[in-house]
file data.cif (mmCIF, C-alpha atoms and all ligand atoms)
data_data
loop_
_atom_site.label_atom_id
_atom_site.label_comp_id
_atom_site.auth_asym_id
_atom_site.auth_seq_id
_atom_site.Cartn_x
_atom_site.Cartn_y
_atom_site.Cartn_z
CA MET Q 1 -94.65 14.91 -88.90
CA PHE Q 2 -93.19 16.00 -85.52
CA ASP Q 3 -96.68 15.73 -84.00
CA GLY Q 4 -97.53 18.61 -81.68
CA ILE Q 5 -93.98 20.00 -81.81
CA LYS Q 6 -93.42 23.47 -83.22
CA CYS Q 7 -92.00 22.98 -86.72
CA GLU Q 8 -91.33 25.26 -89.70
CA LYS Q 9 -90.96 23.81 -93.20
CA ASN Q 10 -88.64 25.19 -95.87
CA ALA Q 11 -87.78 27.84 -93.33
CA SER Q 12 -85.23 30.64 -93.32
CA LEU Q 13 -82.23 30.18 -91.05
CA LYS Q 14 -81.31 33.86 -91.09
CA ASP Q 15 -83.05 34.76 -87.84
CA LEU Q 16 -81.50 31.81 -86.02
CA SER Q 17 -78.02 33.31 -86.36
CA THR Q 18 -76.77 36.46 -84.65
CA ILE Q 19 -75.01 37.56 -87.87
CA LYS Q 20 -78.32 37.41 -89.76
CA ILE Q 21 -76.92 35.40 -92.67
CA GLY Q 22 -78.46 32.13 -93.74
CA GLY Q 23 -80.13 29.98 -96.36
CA LYS Q 24 -83.06 27.69 -95.74
CA ALA Q 25 -83.62 24.38 -94.01
CA LYS Q 26 -86.08 21.64 -94.93
CA TYR Q 27 -87.32 21.62 -91.34
CA ILE Q 28 -86.56 23.71 -88.27
CA VAL Q 29 -88.09 22.29 -85.09
CA PHE Q 30 -88.39 23.83 -81.66
CA PRO Q 31 -88.85 21.06 -79.06
CA LYS Q 32 -89.67 22.39 -75.62
CA ASP Q 33 -88.33 19.57 -73.44
CA GLU Q 34 -86.22 16.40 -73.43
CA ALA Q 35 -89.13 14.17 -74.41
CA GLU Q 36 -89.83 16.30 -77.49
CA ILE Q 37 -86.15 16.16 -78.52
CA GLU Q 38 -86.31 12.37 -78.33
CA MET Q 39 -89.50 12.38 -80.44
CA VAL Q 40 -87.87 14.59 -83.08
CA LEU Q 41 -84.84 12.27 -83.27
CA GLN Q 42 -87.03 9.18 -83.65
CA GLU Q 43 -89.15 10.81 -86.36
CA ALA Q 44 -86.05 12.08 -88.20
CA LYS Q 45 -84.60 8.57 -88.09
CA ARG Q 46 -87.84 7.11 -89.45
CA LEU Q 47 -87.80 9.63 -92.30
CA ASP Q 48 -84.06 9.14 -92.83
CA GLU Q 49 -83.39 12.87 -92.38
CA LYS Q 50 -80.07 14.33 -91.21
CA VAL Q 51 -80.23 16.22 -87.90
CA LEU Q 52 -78.24 19.23 -86.68
CA ILE Q 53 -78.48 20.96 -83.32
CA LEU Q 54 -78.37 24.67 -82.84
CA GLY Q 55 -78.35 26.91 -79.77
CA ASN Q 56 -78.54 30.65 -80.27
CA GLY Q 57 -76.53 30.65 -83.51
CA SER Q 58 -74.00 33.12 -82.10
CA ASN Q 59 -71.02 31.10 -83.29
CA THR Q 60 -72.41 29.36 -86.38
CA LEU Q 61 -72.16 30.60 -89.96
CA PHE Q 62 -74.93 29.19 -92.17
CA ASP Q 63 -72.79 28.62 -95.23
CA VAL Q 64 -75.24 26.56 -97.28
CA GLU Q 65 -78.10 27.75 -99.48
CA PHE Q 66 -80.26 24.83 -98.38
CA PHE Q 67 -79.91 22.26 -95.62
CA GLY Q 68 -81.99 19.24 -96.61
CA GLY Q 69 -82.62 17.89 -93.12
CA VAL Q 70 -83.85 18.79 -89.65
CA VAL Q 71 -82.38 21.64 -87.63
CA ILE Q 72 -83.25 21.32 -83.93
CA SER Q 73 -83.27 24.69 -82.22
CA THR Q 74 -82.98 24.41 -78.42
CA ARG Q 75 -84.50 27.87 -77.98
CA GLU Q 76 -87.65 26.62 -76.21
CA ILE Q 77 -85.80 24.46 -73.66
CA LYS Q 78 -85.22 27.32 -71.30
CA GLU Q 79 -85.95 26.03 -67.79
CA ILE Q 80 -83.88 27.57 -64.96
CA GLU Q 81 -84.52 25.96 -61.57
CA LYS Q 82 -82.82 26.30 -58.19
CA ILE Q 83 -82.19 22.76 -56.95
CA GLY Q 84 -80.05 23.42 -53.86
CA LYS Q 85 -78.58 26.22 -51.77
CA GLU Q 86 -76.04 27.18 -54.43
CA LYS Q 87 -77.04 24.91 -57.32
CA VAL Q 88 -79.17 25.59 -60.37
CA PHE Q 89 -80.37 23.34 -63.19
CA VAL Q 90 -80.30 25.13 -66.55
CA GLY Q 91 -81.94 23.93 -69.76
CA ALA Q 92 -79.79 23.90 -72.90
CA GLY Q 93 -81.71 26.68 -74.62
CA ALA Q 94 -81.71 29.22 -71.77
CA ASN Q 95 -79.96 32.29 -73.12
CA LEU Q 96 -77.15 33.88 -71.17
CA PHE Q 97 -78.97 37.17 -70.78
CA SER Q 98 -82.00 35.69 -69.01
CA LEU Q 99 -79.82 33.17 -67.14
CA ASN Q 100 -77.71 35.97 -65.65
CA LEU Q 101 -80.77 38.06 -64.77
CA THR Q 102 -82.42 35.07 -63.08
CA LEU Q 103 -79.25 34.14 -61.17
CA SER Q 104 -78.93 37.71 -59.92
CA GLN Q 105 -82.53 37.57 -58.64
CA MET Q 106 -81.68 34.28 -56.90
CA GLY Q 107 -78.63 35.92 -55.27
CA LEU Q 108 -76.22 33.48 -56.91
CA GLY Q 109 -72.94 34.84 -58.23
CA GLY Q 110 -70.13 33.45 -60.37
CA LEU Q 111 -71.33 33.74 -63.95
CA GLU Q 112 -71.32 37.53 -64.27
CA TRP Q 113 -68.41 37.43 -66.77
CA SER Q 114 -70.78 35.82 -69.29
CA TYR Q 115 -73.36 38.62 -69.19
CA GLY Q 116 -73.55 39.99 -72.73
CA ILE Q 117 -72.56 36.80 -74.57
CA PRO Q 118 -75.56 36.19 -76.87
CA ALA Q 119 -75.32 32.40 -76.48
CA SER Q 120 -77.49 29.56 -75.26
CA PHE Q 121 -76.33 27.67 -72.18
CA GLY Q 122 -75.94 24.44 -74.21
CA GLY Q 123 -73.89 26.19 -76.90
CA LEU Q 124 -71.62 27.78 -74.29
CA VAL Q 125 -71.04 24.38 -72.66
CA TYR Q 126 -70.40 22.66 -76.01
CA MET Q 127 -67.85 25.34 -76.99
CA ASN Q 128 -66.55 25.79 -73.42
CA GLY Q 129 -67.10 29.50 -73.89
CA GLY Q 130 -65.34 31.96 -71.65
CA ALA Q 131 -64.30 35.56 -71.08
CA PHE Q 132 -62.26 37.75 -68.73
CA GLY Q 133 -60.23 34.76 -67.47
CA SER Q 134 -63.21 32.44 -66.74
CA GLU Q 135 -64.65 29.50 -68.66
CA ILE Q 136 -68.03 27.81 -68.23
CA LYS Q 137 -66.35 24.50 -67.33
CA ASP Q 138 -65.29 26.01 -63.99
CA PHE Q 139 -68.90 26.43 -62.89
CA LEU Q 140 -70.35 23.13 -64.10
CA GLU Q 141 -71.13 20.20 -61.87
CA ILE Q 142 -73.24 18.03 -64.15
CA VAL Q 143 -73.95 18.07 -67.89
CA ARG Q 144 -77.11 16.26 -68.94
CA VAL Q 145 -76.78 14.77 -72.42
CA LEU Q 146 -78.58 12.56 -74.86
CA ARG Q 147 -76.05 10.08 -76.25
CA ASN Q 148 -76.75 6.98 -78.30
CA GLY Q 149 -80.46 7.31 -77.51
CA LYS Q 150 -79.90 7.47 -73.72
CA ILE Q 151 -80.15 10.38 -71.29
CA GLU Q 152 -77.07 10.56 -69.06
CA ASP Q 153 -75.94 12.92 -66.30
CA LEU Q 154 -72.19 13.31 -66.84
CA LYS Q 155 -69.93 14.63 -64.09
CA ALA Q 156 -68.32 17.79 -65.45
CA SER Q 157 -65.01 16.76 -63.87
CA GLU Q 158 -64.98 13.72 -66.18
CA ILE Q 159 -65.62 15.69 -69.38
CA GLU Q 160 -62.62 16.89 -71.39
CA PHE Q 161 -62.86 20.63 -71.83
CA ALA Q 162 -60.20 22.72 -73.52
CA TYR Q 163 -60.01 26.19 -75.02
CA ARG Q 164 -63.31 26.66 -76.94
CA THR Q 165 -63.93 22.95 -77.28
CA SER Q 166 -65.08 19.85 -75.43
CA ASN Q 167 -65.37 16.13 -76.07
CA LEU Q 168 -69.18 16.36 -76.13
CA LYS Q 169 -69.16 16.02 -79.93
CA ASN Q 170 -71.46 13.01 -80.16
CA CYS Q 171 -73.89 14.37 -77.55
CA ILE Q 172 -76.94 16.56 -77.53
CA ILE Q 173 -76.64 18.70 -74.42
CA LEU Q 174 -80.00 18.88 -72.68
CA GLY Q 175 -78.96 21.01 -69.72
CA GLY Q 176 -76.67 21.07 -66.76
CA VAL Q 177 -76.16 21.88 -63.11
CA LEU Q 178 -74.19 24.99 -62.16
CA ALA Q 179 -72.41 25.32 -58.82
CA LEU Q 180 -72.45 29.00 -57.79
CA LYS Q 181 -71.89 31.14 -54.68
CA GLU Q 182 -74.43 33.08 -52.63
CA GLU Q 183 -73.84 36.79 -53.10
CA LYS Q 184 -75.71 40.06 -52.50
CA ILE Q 185 -78.06 40.82 -55.41
CA GLU Q 186 -76.75 44.38 -55.79
CA LYS Q 187 -73.14 43.14 -55.95
CA ILE Q 188 -74.00 40.61 -58.68
CA LYS Q 189 -75.85 43.23 -60.72
CA GLU Q 190 -72.95 45.66 -60.41
CA LYS Q 191 -70.48 43.04 -61.68
CA MET Q 192 -72.81 42.14 -64.59
CA GLN Q 193 -73.12 45.79 -65.61
CA ASN Q 194 -69.34 46.27 -65.42
CA TYR Q 195 -68.68 43.30 -67.69
CA LEU Q 196 -71.40 44.37 -70.13
CA GLN Q 197 -69.97 47.88 -70.26
CA LYS Q 198 -66.48 46.53 -71.00
CA ARG Q 199 -67.94 44.52 -73.88
CA GLN Q 200 -69.93 47.41 -75.28
CA LEU Q 201 -66.90 49.70 -75.16
CA THR Q 202 -64.63 47.30 -77.04
CA GLN Q 203 -66.93 45.14 -79.22
CA PRO Q 204 -69.31 46.03 -82.06
CA TYR Q 205 -72.63 45.28 -80.33
CA ASP Q 206 -74.45 47.59 -82.74
CA PHE Q 207 -73.86 45.27 -85.74
CA PRO Q 208 -74.73 41.60 -86.31
CA SER Q 209 -71.71 39.33 -85.83
CA LEU Q 210 -70.53 35.93 -84.64
CA GLY Q 211 -68.12 37.26 -82.04
CA SER Q 212 -64.42 36.45 -82.47
CA THR Q 213 -63.74 34.94 -85.86
CA PHE Q 214 -60.46 33.23 -84.94
CA LYS Q 215 -59.18 31.39 -81.88
CA HIS Q 216 -56.36 32.84 -79.81
CA ILE Q 217 -53.06 31.21 -80.66
CA GLY Q 218 -51.30 29.41 -77.82
CA GLU Q 219 -54.24 28.94 -75.42
CA ASN Q 220 -53.44 25.25 -75.12
CA GLY Q 221 -49.77 25.89 -74.36
CA GLY Q 222 -47.23 28.54 -75.33
CA GLU Q 223 -47.34 32.29 -75.67
CA ILE Q 224 -50.85 33.66 -76.16
CA ILE Q 225 -51.27 35.69 -79.33
CA TYR Q 226 -54.50 37.56 -80.04
CA PRO Q 227 -55.59 37.45 -83.72
CA ALA Q 228 -57.32 40.84 -83.32
CA LYS Q 229 -53.94 42.47 -82.56
CA LEU Q 230 -52.34 40.90 -85.65
CA ILE Q 231 -55.28 41.94 -87.86
CA ASP Q 232 -55.22 45.46 -86.46
CA SER Q 233 -51.48 45.79 -87.00
CA LEU Q 234 -51.97 44.86 -90.65
CA GLY Q 235 -54.33 47.81 -91.03
CA LEU Q 236 -57.27 45.59 -91.94
CA LYS Q 237 -59.91 47.28 -89.76
CA GLY Q 238 -62.73 48.50 -92.00
CA VAL Q 239 -61.73 46.26 -94.94
CA LYS Q 240 -64.89 45.01 -96.59
CA ILE Q 241 -65.93 42.25 -98.97
CA GLY Q 242 -69.53 42.59 -100.15
CA GLY Q 243 -71.59 43.23 -97.03
CA VAL Q 244 -69.13 41.85 -94.47
CA GLU Q 245 -66.52 44.07 -92.88
CA VAL Q 246 -63.68 43.85 -90.36
CA SER Q 247 -65.09 45.80 -87.42
CA THR Q 248 -63.36 49.14 -86.83
CA LYS Q 249 -64.05 48.69 -83.10
CA HIS Q 250 -62.58 45.18 -82.68
CA ALA Q 251 -60.50 43.65 -85.48
CA GLY Q 252 -61.36 40.11 -84.35
CA PHE Q 253 -65.04 40.59 -85.24
CA LEU Q 254 -66.40 40.41 -88.79
CA ILE Q 255 -69.68 42.30 -88.95
CA ASN Q 256 -72.59 42.15 -91.35
CA SER Q 257 -72.81 45.79 -92.35
CA GLY Q 258 -75.71 45.18 -94.75
CA ASN Q 259 -76.83 42.22 -96.83
CA GLY Q 260 -73.65 40.26 -96.19
CA SER Q 261 -73.49 36.67 -97.39
CA ALA Q 262 -71.70 33.60 -96.08
CA GLU Q 263 -69.47 33.82 -99.16
CA ASP Q 264 -68.49 37.41 -98.22
CA TYR Q 265 -67.73 36.27 -94.67
CA LEU Q 266 -65.58 33.35 -95.76
CA SER Q 267 -63.73 35.37 -98.44
CA LEU Q 268 -62.87 38.05 -95.88
CA ALA Q 269 -61.77 35.44 -93.32
CA LYS Q 270 -59.57 33.84 -96.01
CA LEU Q 271 -58.02 37.18 -96.93
CA ILE Q 272 -57.16 37.78 -93.26
CA GLU Q 273 -55.72 34.26 -92.89
CA GLN Q 274 -53.52 34.84 -95.99
CA LYS Q 275 -52.27 38.27 -94.85
CA VAL Q 276 -51.49 37.05 -91.33
CA TYR Q 277 -49.63 34.05 -92.69
CA GLU Q 278 -47.63 36.15 -95.20
CA ARG Q 279 -46.63 38.73 -92.59
CA PHE Q 280 -46.22 36.65 -89.40
CA GLY Q 281 -45.98 33.05 -90.62
CA LEU Q 282 -48.87 32.16 -88.27
CA LYS Q 283 -51.89 30.02 -89.16
CA LEU Q 284 -55.19 31.29 -87.81
CA GLU Q 285 -57.84 28.76 -86.83
CA LYS Q 286 -61.50 29.70 -87.03
CA GLU Q 287 -63.47 29.82 -83.77
CA VAL Q 288 -66.67 30.27 -85.77
CA VAL Q 289 -68.19 26.96 -86.88
CA LEU Q 290 -69.74 26.29 -90.30
CA LEU Q 291 -73.16 24.71 -90.68
CA SER Q 292 -71.78 22.53 -93.48
CA GLU Q 293 -69.26 21.07 -91.03
CA LEU Q 294 -71.52 20.52 -87.98
CA GLU Q 295 -71.68 17.02 -86.54
CA GLU Q 296 -74.85 15.20 -87.49
CA LYS Q 297 -76.75 14.00 -84.40
C1 LIG B 301 -71.36 39.71 -79.76
C2 LIG B 301 -70.77 38.36 -79.42
C3 LIG B 301 -69.94 38.22 -78.32
C4 LIG B 301 -69.39 36.97 -78.01
N1 LIG B 301 -68.57 36.87 -76.92
C5 LIG B 301 -68.08 35.65 -76.59
C6 LIG B 301 -67.24 35.51 -75.42
O1 LIG B 301 -66.97 36.44 -74.69
N2 LIG B 301 -66.77 34.27 -75.16
C7 LIG B 301 -67.04 33.19 -75.93
O2 LIG B 301 -66.58 32.08 -75.61
N3 LIG B 301 -67.81 33.31 -77.03
C8 LIG B 301 -68.33 34.51 -77.38
N4 LIG B 301 -69.11 34.62 -78.50
C9 LIG B 301 -69.31 33.43 -79.38
C10 LIG B 301 -70.51 32.55 -79.01
O3 LIG B 301 -71.47 33.28 -78.26
C11 LIG B 301 -70.08 31.32 -78.22
O4 LIG B 301 -69.25 30.51 -79.01
C12 LIG B 301 -71.24 30.46 -77.73
O5 LIG B 301 -70.72 29.41 -76.95
C13 LIG B 301 -72.11 29.88 -78.84
O6 LIG B 301 -73.35 29.51 -78.26
P1 LIG B 301 -74.66 29.32 -79.17
O7 LIG B 301 -75.74 28.79 -78.31
O8 LIG B 301 -74.98 30.55 -79.90
O9 LIG B 301 -74.12 28.19 -80.14
P2 LIG B 301 -74.46 27.91 -81.67
O10 LIG B 301 -73.79 28.91 -82.54
O11 LIG B 301 -75.92 27.74 -81.83
O12 LIG B 301 -73.72 26.50 -81.83
C14 LIG B 301 -72.32 26.41 -81.68
C15 LIG B 301 -71.93 24.94 -81.68
O13 LIG B 301 -72.49 24.32 -80.52
C16 LIG B 301 -73.30 23.21 -80.88
N5 LIG B 301 -74.43 23.20 -79.94
C17 LIG B 301 -75.24 24.22 -79.60
N6 LIG B 301 -76.15 23.82 -78.69
C18 LIG B 301 -75.92 22.50 -78.48
C19 LIG B 301 -76.52 21.50 -77.65
N7 LIG B 301 -77.57 21.78 -76.86
N8 LIG B 301 -76.02 20.24 -77.69
C20 LIG B 301 -74.95 19.94 -78.48
N9 LIG B 301 -74.35 20.84 -79.28
C21 LIG B 301 -74.81 22.11 -79.27
C22 LIG B 301 -73.73 23.48 -82.32
O14 LIG B 301 -74.07 22.28 -83.00
C23 LIG B 301 -72.46 24.15 -82.86
O15 LIG B 301 -71.51 23.15 -83.17
C24 LIG B 301 -69.68 35.84 -78.82
C25 LIG B 301 -70.54 35.99 -79.93
C26 LIG B 301 -71.07 37.24 -80.23
C27 LIG B 301 -71.99 37.35 -81.41
#
call {"tool": "encode", "arguments": {"input": "data.cif", "output": "structure tokens", "more": "lines below"}}
Ligand SMILES: Cc1cc2nc3c(=O)[nH]c(=O)nc-3n(C[C@H](O)[C@H](O)[C@H](O)COP(=O)(O)OP(=O)(O)OC[C@H]3O[C@@H](n4cnc5c(N)ncnc54)[C@H](O)[C@@H]3O)c2cc1C
result
Amino acid sequence: MFDGIKCEKNASLKDLSTIKIGGKAKYIVFPKDEAEIEMVLQEAKRLDEKVLILGNGSNTLFDVEFFGGVVISTREIKEIEKIGKEKVFVGAGANLFSLNLTLSQMGLGGLEWSYGIPASFGGLVYMNGGAFGSEIKDFLEIVRVLRNGKIEDLKASEIEFAYRTSNLKNCIILGGVLALKEEKIEKIKEKMQNYLQKRQLTQPYDFPSLGSTFKHIGENGGEIIYPAKLIDSLGLKGVKIGGVEVSTKHAGFLINSGNGSAEDYLSLAKLIEQKVYERFGLKLEKEVVLLSELEEK
């Protein structure tokens, strides 16, 4: 089985998600390069097992007791290599903390806004993550994917990115090339610290979470409405179901304040959706994705 590739059987998913909620999976595998991903896919096909792909689990709620297939974690695919004056190849599993620290050492600026997002590079690309007016799509030149059994380097300008989504649904992202700007190391570090501080002042970094629960309304056209403001105005901060609570620091975050379950999380999200709809007539759409609804690869 998955010869020579790190693999855990009947393994807990809890530690693969930043909200520390999760059931078990039949197999969790940790390939360390593209060749190992291909081997895992071939073996899973031979065994007729379903396959899901996971980055750092900072946007995924594990809402099933048991996933009877293979979860591929990209965590070990963490190469970061300078390939030109202002270009860097980044492996899908590189996390945004170490990516930002490495880029600052290289004297390459541009991505500072993402310092503090607990994501993998591949996950951020797949979701077209962003903050403080920037999105990852604006810094991408190439996205390397595995699609229909073939490795392809896609031009980022030809990929459809929109607010927190992309058309990379049928792809496994293996990595990508970032186009950045040379900048003084001290300047980059200062910007990173400023962004991190802003996050820590306004977001509940001291509790496990999945970041913003709901998407902004109107990002793809129209007036932008922030769900956190609506939730706050309804007085829902601090409301708790089981072990999951609406953060008192940022109403858009649901935090695991102790032994929370996926059921608690979903019940609280539903309560919020109902209250917002009753009061404002607006339908909230989840930004958080559910394991039970992930695309099989
Ligand atoms: C404290 C906190 C702060 C946050 N702040 C922000 C923020 O400022 N901006 C923002 O946009 N988000 C933010 N988030 C949410 C989250 O970090 C992003 O959505 C991020 O893009 C998810 O990356 P991930 O690697 O954790 O993805 P995961 O949760 O592991 O996966 C998310 C989705 O991407 C898919 N995926 C992951 N890797 C790959 C791959 N290699 N190939 C194909 N598909 C893949 C998965 O199948 C899944 O559908 C925050 C979350 C937390 C907990």
call {"tool": "residues_near_ligand", "arguments": {"input": "data.cif", "ligand": "ligand LIG 301 (chain B)", "cutoff": "7 Å", "atoms": "only C-alpha atoms and all ligand atoms", "output": "ChimeraX atom specification"}}
result
/Q:18,52-60,74,92-93,114,116-131,164,171-174,205,209-212,289,294-295
call {"tool": "atom_distance", "arguments": {"input": "data.cif", "atom1": "CA of Lys229 in chain Q", "atom2": "CA of Glu293 in chain Q"}}
result
27.6 Å
call {"tool": "axis_aligned_box", "arguments": {"input": "data.cif", "around": "range 103-121 of chain Q", "padding_each_side": "3 Å", "output": "AutoDock Vina command-line options"}}
result
--center_x -75.5 --center_y 33.8 --center_z -66.1 --size_x 20.1 --size_y 18.3 --size_z 27.6
call {"tool": "closest_residue", "arguments": {"input": "data.cif", "among": "Q:Leu254, Q:Leu103, Q:Ala25, Q:Ile217", "to": "Lys181 in chain Q", "atoms": "all atoms listed in the file"}}
result
Q:Leu103
call {"tool": "closest_residue", "arguments": {"input": "data.cif", "among": "Q:Gly109, Q:Gly69, Q:Gly238, Q:Pro204", "to": "Glu190 in chain Q", "atoms": "all atoms listed in the file"}}
result
Q:Gly109
call {"tool": "atom_distance", "arguments": {"input": "data.cif", "atom1": "CA of Ala179 in chain Q", "atom2": "CA of Trp113 in chain Q"}}
result
15.0 Å
call {"tool": "closest_residue", "arguments": {"input": "data.cif", "among": "Q:Val276, Q:Leu61, Q:Ile136, Q:Leu41", "to": "Ser17 in chain Q", "atoms": "only C-alpha atoms"}}
result
Q:Leu61
call {"tool": "closest_residue", "arguments": {"input": "data.cif", "among": "Q:Lys155, Q:Glu49, Q:Val88, Q:Glu36", "to": "Glu76 in chain Q", "atoms": "only C-alpha atoms"}}
result
Q:Glu36
call {"tool": "closest_residue", "arguments": {"input": "data.cif", "among": "Q:Gly235, Q:Gly110, Q:Pro227, Q:Gly260", "to": "Lys14 in chain Q", "atoms": "all atoms listed in the file"}}
result
Q:Gly260
call {"tool": "residues_around", "arguments": {"input": "data.cif", "residues": "Gly22 in chain Q", "least_positions_apart": "2", "cutoff": "10 Å", "atoms": "all atoms listed in the file", "output": "PyMOL selection string"}}
result
chain Q and resi 12-17+19-20+24-25+60-66+260-262+291
call {"tool": "closest_residue", "arguments": {"input": "data.cif", "among": "Q:Glu38, Q:Ile83, Q:Phe132, Q:Ala11", "to": "Arg199 in chain Q", "atoms": "only C-alpha atoms"}}
result
Q:Phe132
call {"tool": "atom_distance", "arguments": {"input": "data.cif", "atom1": "CA of Tyr115 in chain Q", "atom2": "CA of Ile159 in chain Q"}}
result
24.2 Å
call {"tool": "closest_atom_pairs", "arguments": {"input": "data.cif", "of": "range 132-251 of chain Q", "to": "range 95-101 of chain Q", "cutoff": "10 Å", "atoms": "only C-alpha atoms", "output": "Markdown table"}}
result
| residue | atom | partner | partner_atom | distance |
| --- | --- | --- | --- | --- |
| Q:Ile188 | CA | Q:Asn100 | CA | 9.2 |
| Q:Lys189 | CA | Q:Leu101 | CA | 8.2 |
| Q:Met192 | CA | Q:Asn100 | CA | 7.9 |
call {"tool": "build_atoms", "arguments": {"input": "data.cif", "residues": "range 40-55 of chain Q", "atoms": "N, CA and C atoms", "output": "compact mmCIF listing (two decimals), in the frame of the given file"}}
result
# COMPACT_ATOMS: atom_id res chain seq x y z
N VAL Q 40 -88.38 14.04 -81.81
CA VAL Q 40 -87.87 14.59 -83.08
C VAL Q 40 -86.81 13.64 -83.66
N LEU Q 41 -85.91 13.16 -82.79
CA LEU Q 41 -84.84 12.27 -83.27
C LEU Q 41 -85.41 10.98 -83.86
N GLN Q 42 -86.42 10.44 -83.16
CA GLN Q 42 -87.03 9.18 -83.65
C GLN Q 42 -87.70 9.40 -85.00
N GLU Q 43 -88.43 10.53 -85.11
CA GLU Q 43 -89.15 10.81 -86.36
C GLU Q 43 -88.15 11.07 -87.50
N ALA Q 44 -87.06 11.79 -87.18
CA ALA Q 44 -86.05 12.08 -88.20
C ALA Q 44 -85.41 10.77 -88.67
N LYS Q 45 -85.21 9.85 -87.73
CA LYS Q 45 -84.60 8.57 -88.09
C LYS Q 45 -85.55 7.79 -89.01
N ARG Q 46 -86.84 7.83 -88.64
CA ARG Q 46 -87.84 7.11 -89.45
C ARG Q 46 -87.88 7.67 -90.88
N LEU Q 47 -87.74 8.98 -90.98
CA LEU Q 47 -87.80 9.63 -92.30
C LEU Q 47 -86.44 9.66 -92.99
N ASP Q 48 -85.42 9.15 -92.30
CA ASP Q 48 -84.06 9.14 -92.83
C ASP Q 48 -83.56 10.56 -93.15
N GLU Q 49 -83.84 11.47 -92.21
CA GLU Q 49 -83.39 12.87 -92.38
C GLU Q 49 -82.16 13.11 -91.51
N LYS Q 50 -81.23 13.92 -92.02
CA LYS Q 50 -80.07 14.33 -91.21
C LYS Q 50 -80.53 15.30 -90.13
N VAL Q 51 -79.84 15.33 -89.00
CA VAL Q 51 -80.23 16.22 -87.90
C VAL Q 51 -79.03 17.05 -87.42
N LEU Q 52 -79.26 18.35 -87.28
CA LEU Q 52 -78.24 19.23 -86.68
C LEU Q 52 -78.84 19.89 -85.46
N ILE Q 53 -77.98 20.29 -84.53
CA ILE Q 53 -78.48 20.96 -83.32
C ILE Q 53 -77.90 22.36 -83.22
N LEU Q 54 -78.76 23.27 -82.88
CA LEU Q 54 -78.37 24.67 -82.84
C LEU Q 54 -78.84 25.32 -81.55
N GLY Q 55 -77.96 26.14 -80.95
CA GLY Q 55 -78.35 26.91 -79.77
C GLY Q 55 -78.86 28.27 -80.21
